[in-house]
Every structure is written in structure tokens, then in C-alpha cells.
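Enquirer: I'd like to ask some things about the structure below.
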Amino acid sequence: MKFTAFSNFVTRVLSPGLLLLLILITPSVDARRAKQEKLLSADQVVERALLAYGGRPAIYSIQRNGVLRANIKLITPTGTLDGRMVSKFIRKAKLGEDLMMIELDLPEMKYSISTDGTNVWSTENGLAHKPSDQEIRGFKGAHEHHYEALLRYKENEAKIEFTGSNKIGTLDLDQIRLTSKEGIVTQYEISRRTGRIIYVNYEEKSDSSATPVRYRLYFKDFRVIQNSIIPYEIQVFQNGKLIEERKIVEAAFNVQMEEKIFKPAITAKAEEPKEPK
């Protein structure tokens with residue numbers, strides 16, 4: 001409204017010559033944005049985001065391991081499933097070496113999938129279950145495309161590129177493309193005001209000839225946990241449709257945790273020390 005009033009004033013009061021001069025010397029919004037983008041580099045944007053999350057000390061010291069408990073809602077073509085989810089991890093120097101476990105407690109099914117950084121296995125209702133290629137791809141893909149992959153780009157020797165900016169409502173977002181050493185591409189949208197990663201975009205294919213499936217993750221409700229921040233709510237969209245909602249109810253980092261819990265139960269049991277006879 002104020003801009004419209006100012007524009008009307010200029011049109012009525014200023015002479016055509018002065019009006020032309022004003023137009024020439026006043027940069028457009030697009031021009032100002034383009035100039036600002038030229039001043040930004042991918043490193044500047046990502047390092048600023050890293051500081052917003054507590055810096056590398058937070059990632060590798062405070063969050064060196066952790067347990068996240070969440071309520072989860074899965075939206076399927078046949079209905080909505082409500083359940084609980086527990087994520088456990090031990091972070092290693094490289095993203096691909098991380099130890100991870102996800103436990104799902106859904107109506108009529110309990111499912112877990114885990115990796116020791118090399119092998120992947122799972123259980124279903126307490127019984128060993130050989131994960132399919134699709135299960136493994138989804139499990140690993142969620143980690144490879146997670147917002148933390150961007151914060152660990154240097155350690156994993158990934159390539160980052162500043163690809164422009166976007167505006168959603170009042171939110172100004174800087175866009176970064178990350179390409180891992182393995183060629184995995186993820187697009188990130190970062191709040192220019194807070195440095196927080198708001199959106200993650202990527203594609204997955206079941207095989208080389210399949211049509212890519214587009215995923216978009218929306219992170220919100222950021223909270224401070226042990227001098228670092230994490231999003232407490234995550235929405236997952238598949239080809240534009242909401243398929244999953246997660247709301248964290250408890251987060252704990254740098255807790256006592258042994259690596260053997262990420263191994264198959266039989267292996268872990270075999271490695272337990274035997275009592276002397």
C-alpha cells in the first residue's frame with residue numbers, strides 16, 4: 001500500500017524527465033537480488049548454516065551419538081497409520097560409515113532396520129528379515145540426503161554449488177546443490193535470516209530405467225538441545241503428496257551406547273564375553 005501511494009505521488013508530482021531519472025537510478029528488486037546473489041558463495045552460505053546448528057564441535061562432540069524418539073504418521077493410499085519411531089546412531093568420520101538403527105512400532109507390526117556402516121539387516125515382528133533392495137535404498141537414501149549431509153560436506157569431500165535464491169511468503173531462501181563423491185545430488189533451501197535448512201529436495205530411482213520419484217522434506221519447530229539445534233517436526237512429500245509426518249518427543253545426545261547394538265542379535269550375542277568356568 002505504501003509503495004502504491006509513493007508511486008502515485010511520483011507519477012502526479014514529478015516531471016517526466018525527473019521520473020525517468022528516478023527509474024534509471026533506482027535498482028529493481030530483481031536487480032538487487034541478483035547483485036546480492038553475486039556476493040554469495042556456496043561456502044559462505046553453508047558455513048553460516050553450520051554455525052546456526054552449533055558448528056562442527058556440536059556435530060562431532062555433542063551429537064557424536066544419540067537417540068531420537070518420535071511419533072510418526074504414515075499416510076498411505078489405504079489410510080493413515082500412527083505409530084512410534086526410535087532412531088539411534090553413532091557418528092563416524094565419514095557419512096557412509098555411520099552406525100544407524102531405526103525401530104518402528106506400528107499397528108500389527110514392529111520393524112527395525114540397522115547398519116554397522118557396511119552391512120544392512122532388519123527384523124519384522126521380532127524375526128530376522130532380509131531387507132529388499134528397495135528397503136536398503138530407502139534406508140541409506142534418507143541418510144545420504146539428510147540435512148546433516150550438507151553440514152558435513154567438507155569431511156565427506158562433497159561438492160557444493162550456490163544455485164540461486166527463492167522466496168516463499170516472507171521467507172528468503174538460499175539454494176545449495178550438494179553432490180557427493182558418489183555422485184548423489186541433493187538440493188537444499190536455507191533460510192537467509194536464520195541459517196536453518198528448511199527444505200531438502202532429491203530424487204530416487206528404483207532402477208536406471210524407472211521414472212524418478214521426487215521427495216521434498218520440510219523441517220520446522222527448531223529447538224535447542226545441548227547447545228545445538230534440531231528440527232522437532234519433519235514432513236515428507238513424495239511427488240508433491242504428503243506421505244509422512246514425524247514429531248520428536250525426546251532427543252538425547254552423547255549418551256552411553258555400545259556399537260554392538262547395531263549388529264545382528266546373533267552376532268552381538270556371540271561377541272558377549274563368556275563367564276569363566
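Ligands are numbered from 1 in the order shown, chains are lettered A, B, ... in the order of the C-alpha cells, and residues start at 1 in each chain.
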From a backbone DSSP assignment, name each residue in stretch 7-215 of chain A labelled helix (DSSP H, G or I), as a PyMOL selection string.
Expert: chain A and resi 7-13+16-25+29-39+42-52+55-62+95-97+133-144+147-151
Enquirer: With only C-alpha atoms as the counted atoms, please give the residues lying no more than 7 Å from stretch 154-159 of chain A, apart from itself and same-chain residues fewer than 3 positions off, as an mmCIF file with C-alpha atoms, in the first residue's frame.
Expert:
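Output saved as part_10.cif:
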```cif
data_model
loop_
_atom_site.group_PDB
_atom_site.id
_atom_site.type_symbol
_atom_site.label_atom_id
_atom_site.label_comp_id
_atom_site.auth_asym_id
_atom_site.auth_seq_id
_atom_site.Cartn_x
_atom_site.Cartn_y
_atom_site.Cartn_z
ATOM 1 C CA LYS A 94 32.507 -40.284 7.125
ATOM 2 C CA LEU A 95 28.766 -40.213 6.496
ATOM 3 C CA LEU A 178 25.331 -30.834 -2.918
ATOM 4 C CA THR A 179 26.959 -33.599 -4.960
ATOM 5 C CA SER A 180 28.620 -36.394 -3.019
ATOM 6 C CA LYS A 181 31.776 -38.209 -4.107
#
```
Enquirer: Excluding A:Arg64 and its own-chain neighbours fewer than 3 positions away, which residues fall within 10 Å of it when counting only C-alpha atoms? Please give them as a PyMOL selection string.
Expert: chain A and resi 57-61+89-93+253-255
Enquirer: Measure the distance from atom CA of A:Lys73 to atom CA of A:Lys88 in Å and round it to one decimal.
Expert: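 Separation between atom CA of A:Lys73 and atom CA of A:Lys88: 19.0 Å.
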Enquirer: So, counting only C-alpha atoms, which residue among A:Ala251, A:Glu233, A:Thr123, A:Glu244 is closest to A:Asp82?
Expert: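 Of all the options, A:Glu244 lies closest to A:Asp82.
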